[in-house]
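Here is query.pdb, consisting of PDB, C-alpha atoms and all ligand atoms:
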ATOM      1  CA  MET A   1     134.212 -58.727 -28.046
ATOM      2  CA  TYR A   2     133.961 -55.530 -30.100
ATOM      3  CA  TYR A   3     137.599 -54.820 -30.853
ATOM      4  CA  ASN A   4     141.158 -55.785 -30.176
ATOM      5  CA  GLU A   5     144.605 -54.338 -30.816
ATOM      6  CA  LYS A   6     144.268 -54.990 -34.565
ATOM      7  CA  THR A   7     140.870 -53.369 -35.084
ATOM      8  CA  PHE A   8     140.520 -50.238 -37.217
ATOM      9  CA  ILE A   9     137.776 -47.637 -37.093
ATOM     10  CA  TYR A  10     136.943 -44.588 -39.185
ATOM     11  CA  LEU A  11     137.244 -41.419 -37.115
ATOM     12  CA  ASN A  12     136.622 -37.975 -38.591
ATOM     13  CA  GLY A  13     138.019 -38.702 -42.020
ATOM     14  CA  LYS A  14     140.873 -40.948 -40.944
ATOM     15  CA  ILE A  15     141.384 -44.644 -40.377
ATOM     16  CA  VAL A  16     142.776 -45.211 -36.881
ATOM     17  CA  LYS A  17     143.289 -48.075 -34.437
ATOM     18  CA  ALA A  18     140.220 -48.575 -32.222
ATOM     19  CA  SER A  19     142.431 -49.044 -29.183
ATOM     20  CA  GLU A  20     144.159 -45.699 -29.768
ATOM     21  CA  ALA A  21     141.108 -43.588 -30.670
ATOM     22  CA  LYS A  22     139.985 -40.978 -28.171
ATOM     23  CA  ILE A  23     136.944 -38.823 -27.586
ATOM     24  CA  ASP A  24     136.592 -35.711 -25.477
ATOM     25  CA  LEU A  25     135.350 -36.494 -21.948
ATOM     26  CA  TYR A  26     133.621 -33.111 -21.993
ATOM     27  CA  SER A  27     131.534 -34.124 -25.035
ATOM     28  CA  GLU A  28     127.895 -33.122 -24.788
ATOM     29  CA  THR A  29     126.981 -36.592 -26.082
ATOM     30  CA  LEU A  30     128.540 -38.305 -23.087
ATOM     31  CA  HIS A  31     126.940 -35.968 -20.559
ATOM     32  CA  TYR A  32     123.456 -35.575 -21.993
ATOM     33  CA  GLY A  33     122.872 -38.402 -24.488
ATOM     34  CA  TYR A  34     122.870 -35.823 -27.280
ATOM     35  CA  GLY A  35     124.111 -37.736 -30.294
ATOM     36  CA  VAL A  36     122.791 -39.919 -33.110
ATOM     37  CA  PHE A  37     123.825 -43.270 -34.464
ATOM     38  CA  GLU A  38     122.931 -46.110 -36.802
ATOM     39  CA  GLY A  39     122.815 -49.878 -36.580
ATOM     40  CA  ILE A  40     123.691 -51.433 -39.932
ATOM     41  CA  ARG A  41     124.692 -54.896 -41.106
ATOM     42  CA  SER A  42     126.775 -56.306 -43.863
ATOM     43  CA  TYR A  43     126.483 -59.812 -45.200
ATOM     44  CA  LYS A  44     128.519 -62.192 -47.269
ATOM     45  CA  THR A  45     126.290 -62.578 -50.310
ATOM     46  CA  GLU A  46     125.494 -65.783 -52.127
ATOM     47  CA  GLU A  47     128.172 -64.777 -54.648
ATOM     48  CA  GLY A  48     130.751 -64.252 -51.916
ATOM     49  CA  THR A  49     130.943 -60.444 -52.028
ATOM     50  CA  THR A  50     130.417 -58.155 -49.040
ATOM     51  CA  LYS A  51     127.191 -56.156 -49.147
ATOM     52  CA  ILE A  52     125.972 -53.579 -46.655
ATOM     53  CA  PHE A  53     122.220 -54.138 -46.512
ATOM     54  CA  LYS A  54     120.165 -50.979 -47.229
ATOM     55  CA  GLU A  55     123.302 -48.847 -46.922
ATOM     56  CA  GLN A  56     121.778 -45.749 -48.493
ATOM     57  CA  GLU A  57     118.687 -45.891 -46.279
ATOM     58  CA  HIS A  58     120.763 -46.200 -43.108
ATOM     59  CA  PHE A  59     123.135 -43.333 -43.881
ATOM     60  CA  ASP A  60     120.256 -41.161 -45.059
ATOM     61  CA  ARG A  61     118.518 -41.850 -41.743
ATOM     62  CA  LEU A  62     121.693 -40.920 -39.863
ATOM     63  CA  LYS A  63     121.666 -37.539 -41.601
ATOM     64  CA  LYS A  64     117.971 -37.029 -40.861
ATOM     65  CA  SER A  65     118.494 -37.973 -37.218
ATOM     66  CA  ALA A  66     121.346 -35.448 -36.918
ATOM     67  CA  GLU A  67     119.261 -32.729 -38.556
ATOM     68  CA  ALA A  68     116.330 -33.466 -36.239
ATOM     69  CA  LEU A  69     118.623 -32.771 -33.275
ATOM     70  CA  ASN A  70     120.345 -29.715 -34.804
ATOM     71  CA  LEU A  71     123.677 -31.524 -34.951
ATOM     72  CA  PRO A  72     125.929 -30.182 -37.727
ATOM     73  CA  TYR A  73     126.286 -32.909 -40.372
ATOM     74  CA  PRO A  74     128.838 -32.097 -43.075
ATOM     75  CA  TRP A  75     129.127 -35.637 -44.523
ATOM     76  CA  SER A  76     127.506 -37.287 -47.546
ATOM     77  CA  SER A  77     126.018 -40.777 -47.406
ATOM     78  CA  GLU A  78     128.307 -41.711 -50.304
ATOM     79  CA  GLU A  79     131.542 -40.907 -48.474
ATOM     80  CA  LEU A  80     130.385 -42.690 -45.312
ATOM     81  CA  ILE A  81     129.315 -45.781 -47.259
ATOM     82  CA  LYS A  82     132.740 -45.832 -48.883
ATOM     83  CA  ALA A  83     134.411 -45.453 -45.491
ATOM     84  CA  SER A  84     132.289 -48.300 -44.075
ATOM     85  CA  TYR A  85     133.372 -50.694 -46.816
ATOM     86  CA  GLU A  86     136.972 -49.671 -46.217
ATOM     87  CA  VAL A  87     136.760 -50.344 -42.481
ATOM     88  CA  LEU A  88     135.088 -53.724 -43.119
ATOM     89  CA  LYS A  89     137.886 -54.658 -45.483
ATOM     90  CA  LEU A  90     140.648 -53.586 -43.100
ATOM     91  CA  ASN A  91     139.037 -55.617 -40.326
ATOM     92  CA  HIS A  92     138.554 -58.655 -42.637
ATOM     93  CA  LEU A  93     134.803 -58.670 -42.014
ATOM     94  CA  GLN A  94     131.926 -59.758 -44.241
ATOM     95  CA  ASP A  95     129.115 -60.700 -41.813
ATOM     96  CA  ALA A  96     129.336 -57.688 -39.576
ATOM     97  CA  TYR A  97     127.599 -54.999 -37.605
ATOM     98  CA  ILE A  98     128.395 -51.409 -38.557
ATOM     99  CA  ARG A  99     127.940 -48.641 -36.010
ATOM    100  CA  PRO A 100     128.315 -45.045 -37.161
ATOM    101  CA  ILE A 101     127.951 -42.548 -34.325
ATOM    102  CA  VAL A 102     127.774 -38.775 -34.580
ATOM    103  CA  TYR A 103     128.850 -37.054 -31.399
ATOM    104  CA  ALA A 104     129.090 -33.520 -30.123
ATOM    105  CA  PRO A 105     132.087 -31.503 -28.979
ATOM    106  CA  ALA A 106     132.680 -30.285 -25.424
ATOM    107  CA  ASN A 107     129.651 -28.203 -24.528
ATOM    108  CA  MET A 108     127.669 -27.966 -21.321
ATOM    109  CA  SER A 109     125.549 -24.993 -22.380
ATOM    110  CA  PHE A 110     122.727 -26.613 -24.464
ATOM    111  CA  GLY A 111     123.420 -24.241 -27.348
ATOM    112  CA  VAL A 112     123.804 -25.325 -30.972
ATOM    113  CA  ASN A 113     127.331 -26.547 -31.787
ATOM    114  CA  ASN A 114     129.313 -25.477 -34.819
ATOM    115  CA  GLU A 115     130.816 -28.918 -35.392
ATOM    116  CA  SER A 116     130.137 -32.632 -34.916
ATOM    117  CA  PHE A 117     132.360 -35.677 -35.003
ATOM    118  CA  ILE A 118     131.816 -39.119 -36.459
ATOM    119  CA  ALA A 119     133.149 -42.597 -35.823
ATOM    120  CA  ILE A 120     132.338 -45.780 -37.744
ATOM    121  CA  GLU A 121     132.983 -48.969 -35.806
ATOM    122  CA  THR A 122     132.494 -52.509 -37.093
ATOM    123  CA  TRP A 123     132.459 -55.887 -35.422
ATOM    124  CA  LYS A 124     131.785 -59.456 -36.387
ATOM    125  CA  MET A 125     128.207 -60.636 -36.370
ATOM    126  CA  GLU A 126     127.136 -64.022 -37.594
ATOM    127  CA  PRO A 127     123.848 -64.143 -39.482
ATOM    128  CA  PHE A 128     121.078 -65.089 -37.096
ATOM    129  CA  LEU A 129     119.621 -68.551 -37.522
ATOM    130  CA  GLY A 130     116.154 -67.615 -36.384
ATOM    131  CA  GLU A 131     115.429 -70.784 -34.483
ATOM    132  CA  LYS A 132     114.845 -69.196 -31.154
ATOM    133  CA  LEU A 133     111.370 -67.930 -30.323
ATOM    134  CA  LEU A 134     110.979 -65.159 -27.798
ATOM    135  CA  SER A 135     108.844 -64.898 -24.705
ATOM    136  CA  VAL A 136     107.937 -61.244 -24.389
ATOM    137  CA  MET A 137     106.374 -59.169 -21.605
ATOM    138  CA  THR A 138     104.569 -55.866 -21.790
ATOM    139  CA  SER A 139     106.929 -53.388 -20.218
ATOM    140  CA  SER A 140     106.059 -51.120 -17.343
ATOM    141  CA  PHE A 141     108.049 -48.489 -19.294
ATOM    142  CA  GLN A 142     106.279 -46.650 -22.113
ATOM    143  CA  ARG A 143     108.000 -45.378 -25.236
ATOM    144  CA  PRO A 144     109.016 -41.742 -24.791
ATOM    145  CA  ASN A 145     106.353 -39.129 -25.319
ATOM    146  CA  PRO A 146     106.705 -38.042 -28.963
ATOM    147  CA  LYS A 147     106.116 -34.464 -27.838
ATOM    148  CA  ALA A 148     109.150 -34.719 -25.540
ATOM    149  CA  PHE A 149     111.604 -36.170 -28.057
ATOM    150  CA  LYS A 150     112.210 -36.332 -31.802
ATOM    151  CA  ILE A 151     111.111 -39.924 -31.587
ATOM    152  CA  GLU A 152     111.898 -40.780 -35.221
ATOM    153  CA  ALA A 153     115.531 -39.799 -34.759
ATOM    154  CA  LYS A 154     117.897 -42.569 -33.716
ATOM    155  CA  ALA A 155     119.285 -40.575 -30.799
ATOM    156  CA  THR A 156     121.645 -42.013 -28.215
ATOM    157  CA  GLY A 157     119.653 -40.668 -25.242
ATOM    158  CA  HIS A 158     116.460 -42.483 -26.300
ATOM    159  CA  TYR A 159     118.163 -45.758 -25.548
ATOM    160  CA  VAL A 160     118.013 -45.305 -21.778
ATOM    161  CA  ASN A 161     114.331 -46.139 -22.223
ATOM    162  CA  SER A 162     115.223 -49.272 -24.241
ATOM    163  CA  ILE A 163     117.809 -50.375 -21.683
ATOM    164  CA  LEU A 164     115.394 -50.004 -18.763
ATOM    165  CA  ALA A 165     112.677 -51.970 -20.571
ATOM    166  CA  SER A 166     114.976 -54.753 -21.711
ATOM    167  CA  GLN A 167     116.628 -55.131 -18.316
ATOM    168  CA  GLU A 168     113.249 -55.254 -16.579
ATOM    169  CA  ALA A 169     112.017 -58.013 -18.929
ATOM    170  CA  LYS A 170     115.147 -60.113 -18.431
ATOM    171  CA  ALA A 171     115.054 -59.681 -14.646
ATOM    172  CA  LYS A 172     111.527 -61.100 -14.741
ATOM    173  CA  GLY A 173     112.605 -64.142 -16.767
ATOM    174  CA  PHE A 174     111.414 -62.994 -20.209
ATOM    175  CA  ASP A 175     113.552 -62.707 -23.321
ATOM    176  CA  GLU A 176     112.436 -59.231 -24.302
ATOM    177  CA  ALA A 177     110.077 -56.341 -23.617
ATOM    178  CA  LEU A 178     107.246 -54.839 -25.625
ATOM    179  CA  LEU A 179     106.682 -51.147 -24.974
ATOM    180  CA  LEU A 180     103.374 -49.354 -25.318
ATOM    181  CA  ASP A 181     102.919 -45.753 -26.411
ATOM    182  CA  ILE A 182     101.644 -43.021 -24.107
ATOM    183  CA  ASN A 183      98.042 -43.936 -25.004
ATOM    184  CA  GLY A 184      98.522 -47.603 -24.120
ATOM    185  CA  TYR A 185      98.712 -48.940 -27.669
ATOM    186  CA  VAL A 186     101.433 -51.326 -28.824
ATOM    187  CA  ALA A 187     104.525 -49.428 -29.984
ATOM    188  CA  GLU A 188     107.696 -51.505 -30.389
ATOM    189  CA  GLY A 189     110.434 -53.503 -28.722
ATOM    190  CA  PRO A 190     113.507 -51.853 -27.160
ATOM    191  CA  GLY A 191     115.418 -52.244 -30.434
ATOM    192  CA  ALA A 192     112.961 -53.672 -32.947
ATOM    193  CA  ASN A 193     109.565 -53.088 -34.534
ATOM    194  CA  ILE A 194     106.683 -55.510 -34.072
ATOM    195  CA  PHE A 195     104.205 -57.110 -36.454
ATOM    196  CA  ILE A 196     101.239 -59.216 -35.427
ATOM    197  CA  GLU A 197      99.346 -61.718 -37.554
ATOM    198  CA  ASN A 198      95.577 -62.081 -37.456
ATOM    199  CA  GLY A 199      93.238 -63.739 -39.944
ATOM    200  CA  GLY A 200      95.968 -64.224 -42.563
ATOM    201  CA  LYS A 201      97.065 -60.566 -42.476
ATOM    202  CA  LEU A 202      99.887 -58.655 -40.847
ATOM    203  CA  PHE A 203      99.471 -55.519 -38.755
ATOM    204  CA  THR A 204     102.024 -53.128 -37.321
ATOM    205  CA  PRO A 205     101.716 -49.913 -35.289
ATOM    206  CA  GLN A 206     101.636 -46.735 -37.336
ATOM    207  CA  ARG A 207     104.331 -44.083 -37.005
ATOM    208  CA  GLY A 208     104.201 -41.626 -34.147
ATOM    209  CA  SER A 209     105.755 -43.368 -31.173
ATOM    210  CA  ILE A 210     108.153 -45.726 -32.932
ATOM    211  CA  LEU A 211     111.427 -45.679 -34.781
ATOM    212  CA  PRO A 212     110.259 -46.321 -38.358
ATOM    213  CA  GLY A 213     112.614 -49.202 -38.976
ATOM    214  CA  ILE A 214     114.378 -49.977 -42.204
ATOM    215  CA  THR A 215     113.635 -53.664 -41.594
ATOM    216  CA  ARG A 216     109.974 -52.742 -41.032
ATOM    217  CA  ALA A 217     110.003 -51.063 -44.468
ATOM    218  CA  THR A 218     111.669 -54.176 -45.893
ATOM    219  CA  VAL A 219     108.870 -56.341 -44.434
ATOM    220  CA  PHE A 220     106.383 -54.144 -46.336
ATOM    221  CA  GLU A 221     108.427 -54.708 -49.510
ATOM    222  CA  ILE A 222     108.485 -58.472 -48.929
ATOM    223  CA  CYS A 223     104.709 -58.504 -48.352
ATOM    224  CA  GLU A 224     104.202 -56.561 -51.569
ATOM    225  CA  SER A 225     106.358 -58.955 -53.576
ATOM    226  CA  LEU A 226     104.782 -62.083 -52.097
ATOM    227  CA  GLY A 227     101.179 -60.812 -52.090
ATOM    228  CA  ILE A 228     100.747 -60.781 -48.300
ATOM    229  CA  GLU A 229      98.314 -58.217 -46.889
ATOM    230  CA  VAL A 230      99.863 -55.821 -44.389
ATOM    231  CA  SER A 231      98.654 -52.612 -42.811
ATOM    232  CA  GLU A 232      99.437 -50.098 -40.093
ATOM    233  CA  LYS A 233      96.981 -49.553 -37.265
ATOM    234  CA  GLU A 234      96.547 -48.875 -33.562
ATOM    235  CA  ILE A 235      96.938 -52.212 -31.815
ATOM    236  CA  ALA A 236      95.482 -52.634 -28.341
ATOM    237  CA  ILE A 237      97.467 -54.882 -26.027
ATOM    238  CA  ASP A 238      94.703 -57.507 -25.701
ATOM    239  CA  GLU A 239      94.486 -57.690 -29.491
ATOM    240  CA  ALA A 240      98.202 -58.467 -29.598
ATOM    241  CA  GLN A 241      97.960 -61.002 -26.783
ATOM    242  CA  GLY A 242      95.232 -62.989 -28.539
ATOM    243  CA  ALA A 243      96.782 -62.837 -32.006
ATOM    244  CA  ASP A 244      97.623 -65.733 -34.326
ATOM    245  CA  GLY A 245     101.295 -64.809 -34.356
ATOM    246  CA  ALA A 246     103.869 -62.044 -33.926
ATOM    247  CA  PHE A 247     107.449 -61.185 -34.688
ATOM    248  CA  PHE A 248     110.026 -58.511 -34.009
ATOM    249  CA  CYS A 249     112.121 -57.101 -36.821
ATOM    250  CA  GLY A 250     115.198 -54.923 -36.864
ATOM    251  CA  THR A 251     118.652 -54.771 -38.337
ATOM    252  CA  ALA A 252     120.223 -56.687 -35.433
ATOM    253  CA  ALA A 253     117.260 -58.970 -34.659
ATOM    254  CA  GLU A 254     116.469 -59.533 -38.365
ATOM    255  CA  VAL A 255     113.060 -61.280 -38.247
ATOM    256  CA  ILE A 256     112.538 -63.174 -35.019
ATOM    257  CA  GLY A 257     109.401 -65.045 -33.966
ATOM    258  CA  ILE A 258     107.625 -64.383 -30.692
ATOM    259  CA  LYS A 259     106.053 -67.389 -28.985
ATOM    260  CA  SER A 260     104.213 -65.654 -26.151
ATOM    261  CA  LEU A 261     103.243 -62.235 -24.893
ATOM    262  CA  ASP A 262     102.715 -61.921 -21.135
ATOM    263  CA  ASN A 263     102.749 -65.729 -20.972
ATOM    264  CA  ILE A 264      99.833 -65.996 -23.431
ATOM    265  CA  PHE A 265     100.930 -68.151 -26.360
ATOM    266  CA  PHE A 266     100.199 -67.151 -29.936
ATOM    267  CA  LYS A 267      97.664 -69.393 -31.648
ATOM    268  CA  LYS A 268      99.758 -70.539 -34.602
ATOM    269  CA  GLU A 269     102.915 -72.575 -34.553
ATOM    270  CA  TRP A 270     105.784 -70.345 -35.746
ATOM    271  CA  THR A 271     106.500 -72.617 -38.713
ATOM    272  CA  ASN A 272     102.876 -72.205 -39.892
ATOM    273  CA  SER A 273     102.897 -68.433 -39.521
ATOM    274  CA  ILE A 274     103.312 -65.637 -42.059
ATOM    275  CA  GLY A 275     106.240 -64.447 -39.960
ATOM    276  CA  TYR A 276     108.137 -67.617 -40.776
ATOM    277  CA  ILE A 277     107.800 -66.885 -44.500
ATOM    278  CA  ILE A 278     108.921 -63.284 -43.959
ATOM    279  CA  GLN A 279     111.866 -64.472 -41.888
ATOM    280  CA  ARG A 280     113.145 -66.754 -44.636
ATOM    281  CA  GLU A 281     112.547 -64.214 -47.390
ATOM    282  CA  TYR A 282     114.438 -61.580 -45.384
ATOM    283  CA  LYS A 283     117.390 -63.963 -45.124
ATOM    284  CA  ASN A 284     117.256 -64.489 -48.886
ATOM    285  CA  LEU A 285     117.267 -60.726 -49.476
ATOM    286  CA  VAL A 286     120.243 -59.891 -47.272
ATOM    287  CA  VAL A 287     122.469 -62.417 -49.018
ATOM    288  CA  GLU A 288     121.052 -61.460 -52.444
ATOM    289  CA  LYS A 289     119.768 -64.944 -53.126
ATOM    290  CA  LYS A 290     118.603 -65.048 -56.738
ATOM    291  CA  GLU A 291     115.729 -67.522 -56.599
ATOM    292  CA  SER A 292     113.128 -67.456 -53.874
ATOM    293  CA  GLU A 293     111.051 -70.558 -53.375
ATOM    294  CA  LEU A 294     108.652 -68.793 -51.037
ATOM    295  CA  SER A 295     106.026 -67.359 -53.379
ATOM    296  CA  GLU A 296     104.639 -70.895 -53.914
ATOM    297  CA  GLU A 297     104.307 -71.321 -50.174
ATOM    298  CA  VAL A 298     102.360 -68.065 -49.871
ATOM    299  CA  LYS A 299      99.842 -69.319 -52.434
ATOM    300  CA  GLN A 300      99.168 -72.388 -50.300
ATOM    301  CA  PHE A 301      98.576 -70.058 -47.401
ATOM    302  CA  ALA A 302      95.867 -67.998 -49.066
TER
HETATM  303  N1  LIG B   1     112.912 -49.594 -33.001
HETATM  304  C1  LIG B   1     113.971 -49.275 -32.241
HETATM  305  C2  LIG B   1     113.744 -48.562 -30.959
HETATM  306  C3  LIG B   1     115.266 -49.620 -32.666
HETATM  307  O1  LIG B   1     116.328 -49.314 -31.912
HETATM  308  C4  LIG B   1     115.438 -50.317 -33.891
HETATM  309  C5  LIG B   1     116.811 -50.710 -34.342
HETATM  310  N2  LIG B   1     117.438 -49.678 -35.055
HETATM  311  C6  LIG B   1     114.299 -50.611 -34.642
HETATM  312  C7  LIG B   1     113.052 -50.234 -34.172
HETATM  313  C8  LIG B   1     114.420 -51.291 -35.966
HETATM  314  O2  LIG B   1     114.994 -50.419 -36.891
HETATM  315  P1  LIG B   1     115.841 -50.944 -38.139
HETATM  316  O3  LIG B   1     114.994 -51.960 -38.802
HETATM  317  O4  LIG B   1     116.033 -49.747 -38.958
HETATM  318  O5  LIG B   1     117.087 -51.543 -37.596
END
Before anything else, please render the file you have as structure tokens.
Amino acid sequence: MYYNEKTFIYLNGKIVKASEAKIDLYSETLHYGYGVFEGIRSYKTEEGTTKIFKEQEHFDRLKKSAEALNLPYPWSSEELIKASYEVLKLNHLQDAYIRPIVYAPANMSFGVNNESFIAIETWKMEPFLGEKLLSVMTSSFQRPNPKAFKIEAKATGHYVNSILASQEAKAKGFDEALLLDINGYVAEGPGANIFIENGGKLFTPQRGSILPGITRATVFEICESLGIEVSEKEIAIDEAQGADGAFFCGTAAEVIGIKSLDNIFFKKEWTNSIGYIIQREYKNLVVEKKESELSEEVKQFA
């Protein structure tokens, strides 16, 4: 699914075959989850070119994540963006997922390393159609204590928490989990941020126990451009359960509607919700669509 004999990756400054690339089995990343990564997407634009969405933001976050964990990071965003486009081209990909990962050398001692390694992998990913609506359950797993982890870093080890939450939700017949923070307020999904709609406005948890998503920031930009009110606040779980609407957003998920939380259905039909407008505007943005028809629709909403 991710690669075959013909797939190329970028590995420490070189282009190599994915099937021939190797990492050190003594790597600290493998043993302790001590590494950082990114989840990025490229799209075939309306004009037919390949565009990595928010490329600068993603590679800047990768650097920040590495710095937060004291991982040496000798690369510039510019060179990694260039390498990503090269790998996409070699793999004949336009609609794709791009996964840079920074990993540590052999080290079992917990000390600071004097080097890091980087791979950039790509695979095909069709743009999401957004028709599916999710049934979500509140997870029995909380987001990690922000005093125990650098929670705003996209660190490999944090994802054990996401995996446990997502697997639990699916085992119970739900599509996805919603995790609370250590104080019991709504935090985020295993791999996406959440927005809820109430009284014609959008709300999302403030920073502190979440990954501050690049898609989340894009939703703020969309709201600004369309004149939709949005703010950050502490959201209690019963406030979320009784809301008018909700959606998850993230690079992989894009903007995806939620139909129910803990089997309580949101009051508005998805196609009447603010989320539905955001979802379509997000799709316009990623393919660099020139004309958006959605500002008229927002006016009718108000
Ligand atoms: N929260 C978590 C835990 C995530 O893994 C992701 C995906 N990177 C997000 C939120 C959304 O972030 P972004 O919009 O930058 O993809």
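Nearest residue to ligand LIG 1 (chain B), choosing from A:Tyr97, A:Tyr85, A:Tyr3, A:Tyr185 and counting all atoms listed in the file: A:Tyr97.
Minimum atom-to-atom distance to Gly191 (chain A), evaluated using only C-alpha atoms, belongs to A:Phe248 out of A:Phe149, A:Phe53, A:Phe248, A:Phe174.
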Find, counting only C-alpha atoms and all ligand atoms, the residue in A:Leu93, A:Val230, A:Val36, A:Ile182 that gets nearest to ligand LIG 1 (chain B).
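Checking each of A:Leu93, A:Val230, A:Val36, A:Ile182 against ligand LIG 1 (chain B), counting only C-alpha atoms and all ligand atoms, the winner is A:Val36.
Proximity to region 264-269 of chain A at 8 Å, evaluated using all atoms listed in the file and with sequence-adjacent residues fewer than 5 positions away removed, yields Gln241, Gly242, Ala243, Asp244, Gly245, Ala246, Ile258 and Lys259 of chain A.
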Selection result for the PyMOL selection byres (((not hetatm)) within 6 of (chain B and resi 1)) on this file, as a list in words:
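On this input, the PyMOL selection byres (((not hetatm)) within 6 of (chain B and resi 1)) captures Gly39, Pro190, Gly191, Ala192, Asn193, Leu211, Gly213, Ile214, Thr215, Arg216, Gly250 and Thr251 of chain A.
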Here's the selection I'm unsure about, the PyMOL selection byres (((chain A and resi 153-164) around 9) and not hetatm); applied to the file above, which residues does it give, as a short mmCIF file (atom, residue, chain, number, x, y, z; two decimals) with C-alpha atoms, keeping the file's coordinate frame?
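Contents of expr_31.cif, freshly written:
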data_model
loop_
_atom_site.label_atom_id
_atom_site.label_comp_id
_atom_site.auth_asym_id
_atom_site.auth_seq_id
_atom_site.Cartn_x
_atom_site.Cartn_y
_atom_site.Cartn_z
CA THR A 29 126.98 -36.59 -26.08
CA TYR A 32 123.46 -35.58 -21.99
CA GLY A 33 122.87 -38.40 -24.49
CA TYR A 34 122.87 -35.82 -27.28
CA GLY A 35 124.11 -37.74 -30.29
CA VAL A 36 122.79 -39.92 -33.11
CA PHE A 37 123.82 -43.27 -34.46
CA GLU A 38 122.93 -46.11 -36.80
CA ARG A 61 118.52 -41.85 -41.74
CA LEU A 62 121.69 -40.92 -39.86
CA LYS A 64 117.97 -37.03 -40.86
CA SER A 65 118.49 -37.97 -37.22
CA ALA A 66 121.35 -35.45 -36.92
CA GLU A 67 119.26 -32.73 -38.56
CA ALA A 68 116.33 -33.47 -36.24
CA LEU A 69 118.62 -32.77 -33.28
CA ILE A 101 127.95 -42.55 -34.33
CA PHE A 141 108.05 -48.49 -19.29
CA GLN A 142 106.28 -46.65 -22.11
CA ARG A 143 108.00 -45.38 -25.24
CA PRO A 144 109.02 -41.74 -24.79
CA PHE A 149 111.60 -36.17 -28.06
CA LYS A 150 112.21 -36.33 -31.80
CA ILE A 151 111.11 -39.92 -31.59
CA GLU A 152 111.90 -40.78 -35.22
CA ALA A 165 112.68 -51.97 -20.57
CA SER A 166 114.98 -54.75 -21.71
CA GLN A 167 116.63 -55.13 -18.32
CA GLU A 168 113.25 -55.25 -16.58
CA ALA A 169 112.02 -58.01 -18.93
CA ALA A 177 110.08 -56.34 -23.62
CA LEU A 179 106.68 -51.15 -24.97
CA GLY A 189 110.43 -53.50 -28.72
CA PRO A 190 113.51 -51.85 -27.16
CA GLY A 191 115.42 -52.24 -30.43
CA LEU A 211 111.43 -45.68 -34.78
#
To one decimal place, how far is CA of Arg99 (chain A) from CA of Glu126 (chain A) in Å?
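CA of Arg99 (chain A) sits 15.5 Å away from CA of Glu126 (chain A).
Nearest to Phe110 (chain A) of all the residues A:Lys124, A:His31, A:Lys172, A:Lys44 is A:His31, counting all atoms listed in the file.
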Hey, can you pull every residue with an atom no more than 10 Å from (101.2, -49.6, -24.2), using only C-alpha atoms, and send it as a list in words?
Thr138, Ser139, Ser140, Phe141, Gln142, Arg143, Leu178, Leu179, Leu180, Asp181, Ile182, Asn183, Gly184, Tyr185, Val186, Ala187, Glu188, Ile235, Ala236 and Ile237 of chain A
Could those residues be written to a file, using C-alpha atoms, as a CSV table (one decimal), keeping the file's coordinate frame?
chain,number,residue,atom,x,y,z
A,138,THR,CA,104.6,-55.9,-21.8
A,139,SER,CA,106.9,-53.4,-20.2
A,140,SER,CA,106.1,-51.1,-17.3
A,141,PHE,CA,108.0,-48.5,-19.3
A,142,GLN,CA,106.3,-46.6,-22.1
A,143,ARG,CA,108.0,-45.4,-25.2
A,178,LEU,CA,107.2,-54.8,-25.6
A,179,LEU,CA,106.7,-51.1,-25.0
A,180,LEU,CA,103.4,-49.4,-25.3
A,181,ASP,CA,102.9,-45.8,-26.4
A,182,ILE,CA,101.6,-43.0,-24.1
A,183,ASN,CA,98.0,-43.9,-25.0
A,184,GLY,CA,98.5,-47.6,-24.1
A,185,TYR,CA,98.7,-48.9,-27.7
A,186,VAL,CA,101.4,-51.3,-28.8
A,187,ALA,CA,104.5,-49.4,-30.0
A,188,GLU,CA,107.7,-51.5,-30.4
A,235,ILE,CA,96.9,-52.2,-31.8
A,236,ALA,CA,95.5,-52.6,-28.3
A,237,ILE,CA,97.5,-54.9,-26.0
Restrict the output to region 60-76 of chain A and C-alpha atoms, then write it as a PDB file, in the first residue's frame.
ATOM      1  CA  ASP A  60       8.767  24.763  10.137  1.00  0.00           C
ATOM      2  CA  ARG A  61       6.740  22.685  12.600  1.00  0.00           C
ATOM      3  CA  LEU A  62       9.026  19.702  11.994  1.00  0.00           C
ATOM      4  CA  LYS A  63      12.000  21.849  12.987  1.00  0.00           C
ATOM      5  CA  LYS A  64      10.207  23.157  16.075  1.00  0.00           C
ATOM      6  CA  SER A  65       9.211  19.630  17.080  1.00  0.00           C
ATOM      7  CA  ALA A  66      12.833  18.458  16.757  1.00  0.00           C
ATOM      8  CA  GLU A  67      14.089  21.412  18.788  1.00  0.00           C
ATOM      9  CA  ALA A  68      11.490  20.761  21.494  1.00  0.00           C
ATOM     10  CA  LEU A  69      12.926  17.252  21.894  1.00  0.00           C
ATOM     11  CA  ASN A  70      16.601  18.293  21.667  1.00  0.00           C
ATOM     12  CA  LEU A  71      17.051  16.409  18.404  1.00  0.00           C
ATOM     13  CA  PRO A  72      19.820  17.904  16.242  1.00  0.00           C
ATOM     14  CA  TYR A  73      18.197  19.429  13.143  1.00  0.00           C
ATOM     15  CA  PRO A  74      20.697  20.608  10.527  1.00  0.00           C
ATOM     16  CA  TRP A  75      18.204  20.995   7.639  1.00  0.00           C
ATOM     17  CA  SER A  76      16.385  24.031   6.240  1.00  0.00           C
TER      18      SER A  76
END
